[in-house]
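> Enclosed is the structure file input35.txt (compact mmCIF, C-alpha atoms and all ligand atoms).
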# COMPACT_ATOMS: atom_id res chain seq x y z
CA MET V 228 8.62 -32.97 41.07
CA ALA V 229 9.81 -36.45 41.81
CA LYS V 230 7.13 -39.08 42.40
CA ASP V 231 7.93 -41.82 44.87
CA GLY V 232 5.06 -44.29 45.24
CA LYS V 233 2.85 -42.92 48.01
CA TYR V 234 4.30 -39.37 47.91
CA ARG V 235 5.21 -36.66 45.48
CA LYS V 236 8.61 -35.89 46.92
CA PRO V 237 10.47 -32.61 46.60
CA GLU V 238 13.23 -32.61 43.95
CA ARG V 239 15.82 -31.68 46.52
CA ARG V 240 15.76 -32.08 50.27
CA GLU V 241 17.92 -30.62 52.97
CA PHE V 242 17.64 -29.87 56.65
CA LEU V 243 16.74 -26.21 57.06
CA VAL V 244 16.88 -24.16 60.25
CA PRO V 245 14.37 -21.29 60.12
CA HIS V 246 13.45 -19.30 63.21
CA VAL V 247 10.21 -18.12 64.75
CA VAL V 248 9.15 -14.66 63.62
CA ALA V 249 5.68 -14.69 65.18
CA ARG V 250 3.38 -16.81 67.31
CA LYS V 251 -0.34 -16.30 67.71
CA GLN V 252 -3.14 -18.21 69.40
CA ILE V 253 -5.62 -18.17 66.51
CA SER V 254 -8.44 -20.20 68.12
CA PRO V 255 -9.04 -22.21 71.31
CA HIS V 256 -6.97 -25.22 70.20
CA PHE V 257 -4.65 -23.76 67.54
CA VAL V 258 -1.42 -21.81 67.73
CA ARG V 259 -0.01 -20.41 64.49
CA VAL V 260 3.78 -20.24 64.44
CA THR V 261 5.31 -18.23 61.60
CA LEU V 262 8.80 -19.27 60.57
CA GLY V 263 11.18 -17.09 58.61
CA GLY V 264 14.84 -16.51 57.91
CA GLU V 265 17.41 -16.98 55.14
CA ALA V 266 17.07 -20.78 55.39
CA LEU V 267 13.55 -20.66 53.93
CA LYS V 268 14.88 -19.33 50.62
CA SER V 269 15.67 -22.99 49.84
CA PHE V 270 12.15 -24.19 50.68
CA VAL V 271 10.10 -24.97 47.55
CA PRO V 272 6.31 -24.72 48.12
CA MET V 273 4.34 -27.56 46.50
CA GLY V 274 0.81 -26.70 47.70
CA TYR V 275 -1.80 -29.31 48.63
CA ASP V 276 -0.96 -31.14 51.89
CA GLN V 277 2.78 -30.50 51.72
CA TRP V 278 4.25 -31.75 54.98
CA PHE V 279 7.63 -31.69 56.60
CA ARG V 280 9.40 -33.14 59.58
CA VAL V 281 10.18 -30.79 62.43
CA PHE V 282 13.08 -31.27 64.81
CA LEU V 283 13.09 -29.60 68.20
CA PRO V 284 16.10 -28.59 70.31
CA THR V 285 16.99 -30.94 73.16
CA ALA V 286 16.61 -30.00 76.85
CA ASP V 287 19.97 -28.09 76.76
CA GLY V 288 18.48 -25.77 74.12
CA VAL V 289 20.79 -27.02 71.35
CA LEU V 290 19.44 -28.16 67.98
CA ARG V 291 21.61 -30.87 66.41
CA LEU V 292 20.54 -32.29 63.04
CA PRO V 293 21.68 -35.22 60.92
CA ARG V 294 24.14 -34.16 58.22
CA ARG V 295 23.07 -36.67 55.57
CA THR V 296 20.06 -35.85 53.42
CA ASN V 297 19.78 -39.08 51.43
CA GLY V 298 17.91 -42.08 52.89
CA LEU V 299 20.74 -42.56 55.40
CA TRP V 300 19.72 -39.59 57.54
CA VAL V 301 17.27 -41.79 59.45
CA ALA V 302 20.03 -44.18 60.51
CA GLU V 303 22.22 -41.22 61.49
CA TYR V 304 19.31 -39.75 63.50
CA LEU V 305 18.66 -43.02 65.31
CA LEU V 306 22.35 -43.41 66.13
CA MET V 307 22.43 -40.04 67.92
CA SER V 308 22.49 -40.49 71.69
CA LYS V 309 19.22 -39.85 73.51
CA ASP V 310 20.69 -36.65 75.03
CA THR V 311 21.58 -35.13 71.67
CA ARG V 312 18.86 -36.45 69.36
CA PRO V 313 16.25 -33.79 68.52
CA ILE V 314 12.62 -34.76 69.02
CA GLY V 315 11.02 -35.26 65.61
CA ARG V 316 7.35 -34.68 64.68
CA ASN V 317 5.43 -33.97 61.45
CA TYR V 318 3.58 -30.82 60.39
CA THR V 319 1.92 -29.25 57.33
CA VAL V 320 2.47 -26.01 55.46
CA ARG V 321 -0.54 -23.80 56.29
CA HIS V 322 0.66 -20.86 54.21
CA HIS V 323 3.86 -20.10 52.34
CA ARG V 324 4.67 -16.49 51.42
CA THR V 325 7.56 -15.49 49.20
CA GLU V 326 7.50 -12.05 50.77
CA GLY V 327 7.00 -12.05 54.51
CA LEU V 328 4.37 -10.30 56.58
CA TYR V 329 6.74 -9.81 59.49
CA GLY V 330 9.93 -8.92 57.63
CA GLU V 331 11.74 -9.47 54.38
CA GLY V 332 12.03 -12.88 52.77
CA PRO V 333 9.87 -16.00 52.73
CA GLU V 334 7.69 -17.17 55.60
CA LEU V 335 5.89 -20.39 56.53
CA ASP V 336 2.82 -20.51 58.78
CA VAL V 337 2.39 -23.74 60.72
CA ASP V 338 -0.85 -24.37 62.63
CA PHE V 339 -0.17 -26.48 65.72
CA VAL V 340 -3.05 -28.19 67.55
CA LEU V 341 -2.54 -27.87 71.29
CA HIS V 342 -3.81 -31.29 72.33
CA GLU V 343 -3.38 -32.72 75.78
CA ASP V 344 -2.25 -36.14 76.86
CA ALA V 345 -4.58 -38.28 79.05
CA ASP V 346 -2.88 -36.76 82.14
CA GLY V 347 -3.32 -33.19 80.88
CA THR V 348 0.25 -32.52 79.70
CA LEU V 349 1.12 -31.29 76.22
CA GLY V 350 3.32 -33.33 73.90
CA PRO V 351 6.76 -31.83 73.11
CA ALA V 352 5.76 -30.26 69.78
CA SER V 353 2.56 -28.74 71.19
CA ALA V 354 4.51 -27.39 74.18
CA TRP V 355 7.18 -25.95 71.86
CA ALA V 356 4.50 -24.12 69.86
CA ARG V 357 2.77 -22.83 73.02
CA ASP V 358 6.05 -21.34 74.28
CA ALA V 359 7.63 -20.33 70.93
CA SER V 360 9.23 -16.86 70.91
CA PRO V 361 10.76 -14.82 68.08
CA GLY V 362 14.27 -16.08 67.34
CA ASP V 363 13.68 -19.68 68.47
CA GLU V 364 15.17 -22.11 65.96
CA ILE V 365 13.62 -25.31 64.66
CA GLY V 366 14.82 -27.89 62.13
CA ILE V 367 12.62 -28.78 59.16
CA PHE V 368 12.94 -31.41 56.42
CA ASP V 369 10.52 -31.27 53.48
CA GLU V 370 8.59 -34.46 52.65
CA GLY V 371 6.26 -33.33 49.85
CA VAL V 372 2.65 -34.15 49.04
CA THR V 373 0.46 -37.23 49.59
CA PHE V 374 -2.65 -35.95 47.77
CA LEU V 375 -2.36 -37.82 44.46
CA PRO V 376 -5.76 -38.25 42.73
CA PRO V 377 -5.87 -40.62 39.78
CA PRO V 378 -6.82 -38.83 36.53
CA ARG V 379 -10.05 -40.88 36.31
CA ALA V 380 -11.49 -39.32 39.49
CA THR V 381 -14.32 -36.90 38.72
CA TRP V 382 -14.81 -35.75 42.33
CA HIS V 383 -12.85 -35.63 45.59
CA LEU V 384 -13.62 -36.41 49.21
CA LEU V 385 -11.45 -34.97 52.02
CA VAL V 386 -11.85 -36.08 55.64
CA GLY V 387 -9.79 -35.15 58.68
CA ASP V 388 -9.74 -34.21 62.34
CA GLU V 389 -8.19 -30.98 63.66
CA SER V 390 -4.61 -32.17 63.02
CA ALA V 391 -5.51 -32.43 59.31
CA LEU V 392 -7.22 -29.00 59.11
CA PRO V 393 -4.08 -27.39 57.57
CA ALA V 394 -3.81 -30.19 54.99
CA VAL V 395 -7.52 -30.13 54.03
CA LEU V 396 -7.46 -26.35 53.59
CA GLY V 397 -4.18 -26.59 51.65
CA ILE V 398 -5.71 -29.17 49.31
CA LEU V 399 -8.82 -27.05 48.78
CA ALA V 400 -6.68 -23.99 47.99
CA SER V 401 -4.51 -25.90 45.47
CA SER V 402 -7.16 -28.00 43.70
CA PRO V 403 -8.42 -27.17 40.21
CA ASP V 404 -11.70 -25.25 40.04
CA ASP V 405 -13.62 -27.87 38.07
CA VAL V 406 -13.46 -30.82 40.52
CA PRO V 407 -16.49 -31.10 42.84
CA THR V 408 -15.25 -31.69 46.38
CA GLU V 409 -16.86 -32.72 49.66
CA ALA V 410 -14.67 -31.92 52.69
CA TYR V 411 -15.33 -32.91 56.32
CA VAL V 412 -13.24 -31.53 59.18
CA GLU V 413 -13.96 -32.59 62.77
CA LEU V 414 -13.01 -30.05 65.45
CA PRO V 415 -12.99 -30.04 69.26
CA ASP V 416 -14.67 -26.58 69.27
CA ALA V 417 -16.71 -24.80 66.59
CA ARG V 418 -14.51 -21.71 67.18
CA ASP V 419 -11.52 -23.61 65.73
CA ALA V 420 -13.04 -23.38 62.23
CA GLN V 421 -11.12 -21.02 59.94
CA PRO V 422 -12.69 -18.67 57.39
CA VAL V 423 -12.29 -20.12 53.89
CA ASP V 424 -13.56 -19.07 50.47
CA THR V 425 -14.81 -22.22 48.77
CA ARG V 426 -15.85 -22.70 45.16
CA PRO V 427 -19.55 -23.25 44.32
CA ASN V 428 -18.87 -26.95 43.60
CA THR V 429 -17.20 -27.49 46.99
CA THR V 430 -18.86 -28.08 50.34
CA LEU V 431 -16.79 -27.78 53.48
CA HIS V 432 -18.55 -29.40 56.46
CA TRP V 433 -17.18 -28.20 59.81
CA LEU V 434 -18.19 -30.79 62.42
CA THR V 435 -17.96 -30.20 66.17
CA ARG V 436 -17.12 -33.19 68.34
CA PRO V 437 -19.45 -33.53 71.32
CA PRO V 438 -17.53 -33.63 74.64
CA GLY V 439 -16.47 -37.17 75.58
CA THR V 440 -16.77 -38.54 72.04
CA PRO V 441 -13.62 -40.29 70.74
CA VAL V 442 -11.73 -38.21 68.17
CA GLY V 443 -12.80 -39.16 64.65
CA ASP V 444 -16.15 -40.76 65.45
CA THR V 445 -18.11 -37.61 64.52
CA ALA V 446 -16.47 -37.34 61.09
CA LEU V 447 -16.84 -41.06 60.50
CA ALA V 448 -20.57 -40.94 61.29
CA ALA V 449 -21.06 -37.90 59.02
CA VAL V 450 -19.34 -39.56 56.06
CA ARG V 451 -21.22 -42.83 56.62
CA ALA V 452 -24.52 -40.91 56.48
CA ALA V 453 -23.54 -38.67 53.55
CA THR V 454 -24.97 -38.74 50.06
CA LEU V 455 -21.80 -38.51 47.98
CA PRO V 456 -21.50 -37.63 44.29
CA ASP V 457 -21.83 -40.37 41.66
CA GLY V 458 -18.97 -41.48 39.43
CA PRO V 459 -15.39 -42.44 40.19
CA GLY V 460 -14.15 -40.48 43.20
CA TYR V 461 -10.85 -40.08 44.99
CA ALA V 462 -10.66 -39.81 48.77
CA TRP V 463 -7.92 -38.35 50.95
CA THR V 464 -8.20 -38.84 54.71
CA ALA V 465 -5.88 -38.12 57.62
CA GLY V 466 -5.93 -37.56 61.35
CA GLY V 467 -6.00 -40.02 64.23
CA GLN V 468 -5.30 -43.56 63.04
CA ARG V 469 -8.81 -44.61 64.06
CA LEU V 470 -10.39 -42.04 61.71
CA ALA V 471 -8.09 -42.59 58.74
CA THR V 472 -8.44 -46.38 58.77
CA GLY V 473 -12.17 -46.18 59.56
CA ILE V 474 -12.86 -43.93 56.56
CA ARG V 475 -10.82 -46.12 54.25
CA ARG V 476 -12.59 -49.26 55.45
CA HIS V 477 -16.00 -47.64 54.97
CA LEU V 478 -15.23 -46.38 51.46
CA VAL V 479 -13.71 -49.65 50.25
CA THR V 480 -16.12 -52.04 51.96
CA ASP V 481 -19.43 -50.16 51.88
CA ARG V 482 -19.05 -47.83 48.91
CA GLY V 483 -16.93 -49.93 46.54
CA PHE V 484 -13.98 -47.52 46.27
CA PRO V 485 -10.94 -49.19 44.68
CA LYS V 486 -8.13 -49.29 47.26
CA ASP V 487 -5.92 -47.11 45.08
CA ALA V 488 -8.59 -44.39 45.08
CA VAL V 489 -8.09 -43.75 48.81
CA THR V 490 -5.04 -42.09 50.34
CA PHE V 491 -5.14 -42.49 54.11
CA THR V 492 -2.58 -41.39 56.66
CA GLY V 493 -2.64 -41.88 60.42
CA TYR V 494 -1.26 -38.56 61.70
CA TRP V 495 -1.21 -39.68 65.32
CA ARG V 496 -2.25 -42.61 67.58
C1 LIG G 1 2.07 -35.83 57.54
C2 LIG G 1 1.61 -35.24 58.87
C3 LIG G 1 1.22 -33.90 58.93
C4 LIG G 1 0.75 -33.36 60.14
N1 LIG G 1 0.40 -32.03 60.18
C5 LIG G 1 -0.03 -31.49 61.36
C6 LIG G 1 -0.34 -30.08 61.45
O1 LIG G 1 -0.19 -29.30 60.49
N2 LIG G 1 -0.80 -29.61 62.65
C7 LIG G 1 -0.94 -30.44 63.75
O2 LIG G 1 -1.32 -29.95 64.82
N3 LIG G 1 -0.62 -31.75 63.69
C8 LIG G 1 -0.15 -32.28 62.53
N4 LIG G 1 0.20 -33.60 62.48
C9 LIG G 1 0.01 -34.42 63.69
C10 LIG G 1 1.18 -34.26 64.68
O3 LIG G 1 2.40 -34.67 64.05
C11 LIG G 1 0.91 -35.15 65.91
O4 LIG G 1 -0.28 -34.76 66.53
C12 LIG G 1 2.07 -35.16 66.87
O5 LIG G 1 2.02 -36.38 67.57
C13 LIG G 1 2.06 -34.00 67.86
O6 LIG G 1 3.23 -34.08 68.63
P1 LIG G 1 3.30 -33.70 70.17
O7 LIG G 1 4.76 -33.72 70.52
O8 LIG G 1 2.53 -32.44 70.42
O9 LIG G 1 2.53 -34.86 70.92
P2 LIG G 1 3.01 -36.39 71.14
O10 LIG G 1 4.14 -36.44 72.11
O11 LIG G 1 3.27 -37.01 69.80
O12 LIG G 1 1.73 -37.04 71.76
C14 LIG G 1 1.35 -36.80 73.12
C15 LIG G 1 0.01 -37.49 73.38
O13 LIG G 1 -1.02 -36.84 72.64
C16 LIG G 1 -1.68 -37.75 71.76
N5 LIG G 1 -1.86 -37.00 70.50
C17 LIG G 1 -0.95 -36.74 69.55
N6 LIG G 1 -1.48 -35.96 68.59
C18 LIG G 1 -2.76 -35.73 68.93
C19 LIG G 1 -3.82 -34.98 68.35
N7 LIG G 1 -3.65 -34.27 67.21
N8 LIG G 1 -5.01 -34.95 68.99
C20 LIG G 1 -5.20 -35.63 70.15
N9 LIG G 1 -4.23 -36.35 70.77
C21 LIG G 1 -3.02 -36.40 70.15
C22 LIG G 1 -0.76 -38.94 71.62
O14 LIG G 1 -1.51 -40.11 71.44
C23 LIG G 1 -0.04 -38.97 72.96
O15 LIG G 1 -0.81 -39.62 73.94
C24 LIG G 1 0.67 -34.18 61.29
C25 LIG G 1 1.09 -35.51 61.21
C26 LIG G 1 1.53 -36.04 60.01
C27 LIG G 1 1.98 -37.49 59.96
Now that the file is in, can you turn its structure into structure tokens?

Amino acid sequence: MAKDGKYRKPERREFLVPHVVARKQISPHFVRVTLGGEALKSFVPMGYDQWFRVFLPTADGVLRLPRRTNGLWVAEYLLMSKDTRPIGRNYTVRHHRTEGLYGEGPELDVDFVLHEDADGTLGPASAWARDASPGDEIGIFDEGVTFLPPPRATWHLLVGDESALPAVLGILASSPDDVPTEAYVELPDARDAQPVDTRPNTTLHWLTRPPGTPVGDTALAAVRAATLPDGPGYAWTAGGQRLATGIRRHLVTDRGFPKDAVTFTGYWR
């Protein structure tokens, strides 16, 4: 796989147009949309926190995508008129199956958090997932993996809010058996936790956010209070910008982590 600074990029990237084969409300705040179709035969699973851009049809129901796949696609996208430009967001591979559950061929599960705006409305991607029906098309563009531990790290720390649940569980599923890992996932509701088999050297802390508490503060407080393993560690953190930057600041300032031993990504603001 190609390595490009902050990311391990896919070798080859193209815009793919899979369609919805199933949609299920799996917990109070999560909808799982399963994508399938011929297009996914070109999708190469990389494990860990593999993420991709999603592009939604415009109000007229038409999905128009940039044609370029090199770095110029962004300029082409931005030059599209507001009426024709698809809304773009970012999501994570929850599961990839070579043989589908709902039909023949590969499938991708994507777990969408249904979060509300301050005025109670859902953002466009959340609303798309809530209303998704079999046959609905969506554009996707693979971006690869950000989880890149340095070889010197003897243990891993993973921290995220609900938007990073798919990535944290993907990293746990892909990681080698012999690396002790502490994982913290903050959720709006304890019922949003997903059943996971963890290794004996891994602890997955599901944290429930008390009502009215800003997103991320519960995870930040838990990590601040934690007794973490000794030795050189590597931390990966994602979720609301406040959480990702707060964890990085804590690890670098209070725990002496080298800056290059922390990968942090603001998933939303
Ligand atoms: C690499 C990457 C991978 C991601 N993977 C996933 C994933 O697998 N599943 C997932 O659900 N999300 C994931 N996200 C986060 C997702 O892209 C954002 O939450 C996105 O903004 C949702 O789009 P929307 O159209 O629903 O809402 P928007 O229109 O973007 O936002 C509407 C309002 O909601 C607020 N908001 C946005 N996201 C959240 C949130 N999660 N919680 C609370 N408030 C929010 C915004 O501040 C805004 O006020 C990922 C982000 C990145 C960068």
> I'd like to know which of V:Gly263, V:Gly493, V:Pro333, V:Gly274 is closest to Leu399 (chain V), using all atoms listed in the file.
V:Gly274
> Report as an NGL selection string which protein, DNA and RNA residues come within 8 Å of ligand LIG 1 (chain G), using only C-alpha atoms and all ligand atoms.
:V and (257 or 276-279 or 316-321 or 337-345 or 348-354 or 388-394 or 442 or 466-467 or 492-496)
> Export C-alpha atoms of the chosen residues as a PDB file, in the coordinates of the input?

ATOM      1  CA  PHE V 257      -4.650 -23.760  67.540  1.00  0.00           C
ATOM      2  CA  ASP V 276      -0.960 -31.140  51.890  1.00  0.00           C
ATOM      3  CA  GLN V 277       2.780 -30.500  51.720  1.00  0.00           C
ATOM      4  CA  TRP V 278       4.250 -31.750  54.980  1.00  0.00           C
ATOM      5  CA  PHE V 279       7.630 -31.690  56.600  1.00  0.00           C
ATOM      6  CA  ARG V 316       7.350 -34.680  64.680  1.00  0.00           C
ATOM      7  CA  ASN V 317       5.430 -33.970  61.450  1.00  0.00           C
ATOM      8  CA  TYR V 318       3.580 -30.820  60.390  1.00  0.00           C
ATOM      9  CA  THR V 319       1.920 -29.250  57.330  1.00  0.00           C
ATOM     10  CA  VAL V 320       2.470 -26.010  55.460  1.00  0.00           C
ATOM     11  CA  ARG V 321      -0.540 -23.800  56.290  1.00  0.00           C
ATOM     12  CA  VAL V 337       2.390 -23.740  60.720  1.00  0.00           C
ATOM     13  CA  ASP V 338      -0.850 -24.370  62.630  1.00  0.00           C
ATOM     14  CA  PHE V 339      -0.170 -26.480  65.720  1.00  0.00           C
ATOM     15  CA  VAL V 340      -3.050 -28.190  67.550  1.00  0.00           C
ATOM     16  CA  LEU V 341      -2.540 -27.870  71.290  1.00  0.00           C
ATOM     17  CA  HIS V 342      -3.810 -31.290  72.330  1.00  0.00           C
ATOM     18  CA  GLU V 343      -3.380 -32.720  75.780  1.00  0.00           C
ATOM     19  CA  ASP V 344      -2.250 -36.140  76.860  1.00  0.00           C
ATOM     20  CA  ALA V 345      -4.580 -38.280  79.050  1.00  0.00           C
ATOM     21  CA  THR V 348       0.250 -32.520  79.700  1.00  0.00           C
ATOM     22  CA  LEU V 349       1.120 -31.290  76.220  1.00  0.00           C
ATOM     23  CA  GLY V 350       3.320 -33.330  73.900  1.00  0.00           C
ATOM     24  CA  PRO V 351       6.760 -31.830  73.110  1.00  0.00           C
ATOM     25  CA  ALA V 352       5.760 -30.260  69.780  1.00  0.00           C
ATOM     26  CA  SER V 353       2.560 -28.740  71.190  1.00  0.00           C
ATOM     27  CA  ALA V 354       4.510 -27.390  74.180  1.00  0.00           C
ATOM     28  CA  ASP V 388      -9.740 -34.210  62.340  1.00  0.00           C
ATOM     29  CA  GLU V 389      -8.190 -30.980  63.660  1.00  0.00           C
ATOM     30  CA  SER V 390      -4.610 -32.170  63.020  1.00  0.00           C
ATOM     31  CA  ALA V 391      -5.510 -32.430  59.310  1.00  0.00           C
ATOM     32  CA  LEU V 392      -7.220 -29.000  59.110  1.00  0.00           C
ATOM     33  CA  PRO V 393      -4.080 -27.390  57.570  1.00  0.00           C
ATOM     34  CA  ALA V 394      -3.810 -30.190  54.990  1.00  0.00           C
ATOM     35  CA  VAL V 442     -11.730 -38.210  68.170  1.00  0.00           C
ATOM     36  CA  GLY V 466      -5.930 -37.560  61.350  1.00  0.00           C
ATOM     37  CA  GLY V 467      -6.000 -40.020  64.230  1.00  0.00           C
ATOM     38  CA  THR V 492      -2.580 -41.390  56.660  1.00  0.00           C
ATOM     39  CA  GLY V 493      -2.640 -41.880  60.420  1.00  0.00           C
ATOM     40  CA  TYR V 494      -1.260 -38.560  61.700  1.00  0.00           C
ATOM     41  CA  TRP V 495      -1.210 -39.680  65.320  1.00  0.00           C
ATOM     42  CA  ARG V 496      -2.250 -42.610  67.580  1.00  0.00           C
TER      43      ARG V 496
END
> Could you give me, as a VMD selection string, the residues within 6 Å of Arg436 (chain V), counting all atoms listed in the file and dropping anything in the same chain fewer than 3 positions from it?
chain V and resid 414 to 415 445
> So, counting only C-alpha atoms, which residue among V:Arg240, V:His323, V:Arg259, V:His432 is closest to Gly298 (chain V)?
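Looking only at the distances to Gly298 (chain V), the closest residue turns out to be V:Arg240.
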> May I have the protein, DNA and RNA residues with an atom at most 12 Å from (-18.7, -43.7, 42.9), counting all atoms listed in the file in the file's coordinates, returned as a count of residues only?
23
> Applying 12 Å and all atoms listed in the file, which residues near Asp287 (chain V) remain after dropping the ones on its own chain fewer than 3 positions away? List them as a list in words.
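Here the qualifying residues turn out to be Leu283, Pro284, Leu290, Arg291, Asp310, Thr311, Arg312 and Pro313 of chain V.
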> Could you turn the residues from that selection into a file that holds C-alpha atoms, as a PDB file, keeping the file's coordinate frame?

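Saved as selection32.pdb:
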ATOM      1  CA  LEU V 283      13.090 -29.600  68.200  1.00  0.00           C
ATOM      2  CA  PRO V 284      16.100 -28.590  70.310  1.00  0.00           C
ATOM      3  CA  LEU V 290      19.440 -28.160  67.980  1.00  0.00           C
ATOM      4  CA  ARG V 291      21.610 -30.870  66.410  1.00  0.00           C
ATOM      5  CA  ASP V 310      20.690 -36.650  75.030  1.00  0.00           C
ATOM      6  CA  THR V 311      21.580 -35.130  71.670  1.00  0.00           C
ATOM      7  CA  ARG V 312      18.860 -36.450  69.360  1.00  0.00           C
ATOM      8  CA  PRO V 313      16.250 -33.790  68.520  1.00  0.00           C
TER       9      PRO V 313
END
> So what do you get for CA of Val489 (chain V) versus CA of His322 (chain V), distance-wise?
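Separating CA of Val489 (chain V) from CA of His322 (chain V) is a distance of 25.1 Å.
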> Could you name the residues that touch Ala266 (chain V) at 9 Å or less, counting only C-alpha atoms, but leaving out those on the same chain fewer than 3 positions away, as a VMD selection string?
chain V and resid 243 to 246 263 269 to 270
> Take region 370-387 of chain V, bring it up to N, CA, C and O atoms, and give me the output as a PDB file, in the coordinates of the input.

ATOM      1  N   GLU V 370       8.965 -33.096  53.057  1.00  0.00           N
ATOM      2  CA  GLU V 370       8.590 -34.460  52.650  1.00  0.00           C
ATOM      3  C   GLU V 370       7.657 -34.488  51.452  1.00  0.00           C
ATOM      4  O   GLU V 370       7.384 -35.549  50.909  1.00  0.00           O
ATOM      5  N   GLY V 371       7.095 -33.348  51.061  1.00  0.00           N
ATOM      6  CA  GLY V 371       6.260 -33.330  49.850  1.00  0.00           C
ATOM      7  C   GLY V 371       4.785 -33.555  50.106  1.00  0.00           C
ATOM      8  O   GLY V 371       4.254 -33.240  51.165  1.00  0.00           O
ATOM      9  N   VAL V 372       4.116 -34.139  49.119  1.00  0.00           N
ATOM     10  CA  VAL V 372       2.650 -34.150  49.040  1.00  0.00           C
ATOM     11  C   VAL V 372       2.140 -35.591  48.968  1.00  0.00           C
ATOM     12  O   VAL V 372       2.715 -36.415  48.248  1.00  0.00           O
ATOM     13  N   THR V 373       1.054 -35.891  49.695  1.00  0.00           N
ATOM     14  CA  THR V 373       0.460 -37.230  49.590  1.00  0.00           C
ATOM     15  C   THR V 373      -0.834 -37.234  48.773  1.00  0.00           C
ATOM     16  O   THR V 373      -1.346 -38.289  48.443  1.00  0.00           O
ATOM     17  N   PHE V 374      -1.379 -36.052  48.510  1.00  0.00           N
ATOM     18  CA  PHE V 374      -2.650 -35.950  47.770  1.00  0.00           C
ATOM     19  C   PHE V 374      -2.367 -36.230  46.292  1.00  0.00           C
ATOM     20  O   PHE V 374      -1.819 -35.376  45.590  1.00  0.00           O
ATOM     21  N   LEU V 375      -2.705 -37.421  45.827  1.00  0.00           N
ATOM     22  CA  LEU V 375      -2.360 -37.820  44.460  1.00  0.00           C
ATOM     23  C   LEU V 375      -3.580 -38.456  43.779  1.00  0.00           C
ATOM     24  O   LEU V 375      -3.662 -39.683  43.644  1.00  0.00           O
ATOM     25  N   PRO V 376      -4.554 -37.659  43.329  1.00  0.00           N
ATOM     26  CA  PRO V 376      -5.760 -38.250  42.730  1.00  0.00           C
ATOM     27  C   PRO V 376      -5.459 -38.876  41.371  1.00  0.00           C
ATOM     28  O   PRO V 376      -4.695 -38.311  40.598  1.00  0.00           O
ATOM     29  N   PRO V 377      -6.046 -40.040  41.115  1.00  0.00           N
ATOM     30  CA  PRO V 377      -5.870 -40.620  39.780  1.00  0.00           C
ATOM     31  C   PRO V 377      -6.628 -39.782  38.758  1.00  0.00           C
ATOM     32  O   PRO V 377      -7.676 -39.204  39.087  1.00  0.00           O
ATOM     33  N   PRO V 378      -6.160 -39.680  37.529  1.00  0.00           N
ATOM     34  CA  PRO V 378      -6.820 -38.830  36.530  1.00  0.00           C
ATOM     35  C   PRO V 378      -8.281 -39.197  36.317  1.00  0.00           C
ATOM     36  O   PRO V 378      -9.088 -38.352  35.942  1.00  0.00           O
ATOM     37  N   ARG V 379      -8.665 -40.474  36.571  1.00  0.00           N
ATOM     38  CA  ARG V 379     -10.050 -40.880  36.310  1.00  0.00           C
ATOM     39  C   ARG V 379     -11.047 -40.297  37.306  1.00  0.00           C
ATOM     40  O   ARG V 379     -12.256 -40.310  37.060  1.00  0.00           O
ATOM     41  N   ALA V 380     -10.567 -39.790  38.438  1.00  0.00           N
ATOM     42  CA  ALA V 380     -11.490 -39.320  39.490  1.00  0.00           C
ATOM     43  C   ALA V 380     -12.213 -38.062  39.037  1.00  0.00           C
ATOM     44  O   ALA V 380     -11.586 -37.079  38.628  1.00  0.00           O
ATOM     45  N   THR V 381     -13.533 -38.070  39.144  1.00  0.00           N
ATOM     46  CA  THR V 381     -14.320 -36.900  38.720  1.00  0.00           C
ATOM     47  C   THR V 381     -14.730 -36.035  39.920  1.00  0.00           C
ATOM     48  O   THR V 381     -15.277 -34.964  39.735  1.00  0.00           O
ATOM     49  N   TRP V 382     -14.518 -36.551  41.140  1.00  0.00           N
ATOM     50  CA  TRP V 382     -14.810 -35.750  42.330  1.00  0.00           C
ATOM     51  C   TRP V 382     -13.897 -36.200  43.475  1.00  0.00           C
ATOM     52  O   TRP V 382     -13.329 -37.302  43.427  1.00  0.00           O
ATOM     53  N   HIS V 383     -13.763 -35.333  44.478  1.00  0.00           N
ATOM     54  CA  HIS V 383     -12.850 -35.630  45.590  1.00  0.00           C
ATOM     55  C   HIS V 383     -13.587 -35.568  46.931  1.00  0.00           C
ATOM     56  O   HIS V 383     -14.515 -34.771  47.112  1.00  0.00           O
ATOM     57  N   LEU V 384     -13.134 -36.412  47.841  1.00  0.00           N
ATOM     58  CA  LEU V 384     -13.620 -36.410  49.210  1.00  0.00           C
ATOM     59  C   LEU V 384     -12.413 -36.205  50.139  1.00  0.00           C
ATOM     60  O   LEU V 384     -11.404 -36.911  50.004  1.00  0.00           O
ATOM     61  N   LEU V 385     -12.519 -35.243  51.053  1.00  0.00           N
ATOM     62  CA  LEU V 385     -11.450 -34.970  52.020  1.00  0.00           C
ATOM     63  C   LEU V 385     -12.024 -35.125  53.414  1.00  0.00           C
ATOM     64  O   LEU V 385     -13.082 -34.557  53.707  1.00  0.00           O
ATOM     65  N   VAL V 386     -11.345 -35.877  54.274  1.00  0.00           N
ATOM     66  CA  VAL V 386     -11.850 -36.080  55.640  1.00  0.00           C
ATOM     67  C   VAL V 386     -10.691 -36.011  56.628  1.00  0.00           C
ATOM     68  O   VAL V 386      -9.673 -36.688  56.432  1.00  0.00           O
ATOM     69  N   GLY V 387     -10.850 -35.211  57.680  1.00  0.00           N
ATOM     70  CA  GLY V 387      -9.790 -35.150  58.680  1.00  0.00           C
ATOM     71  C   GLY V 387     -10.295 -34.667  60.020  1.00  0.00           C
ATOM     72  O   GLY V 387     -11.403 -34.133  60.136  1.00  0.00           O
TER      73      GLY V 387
END
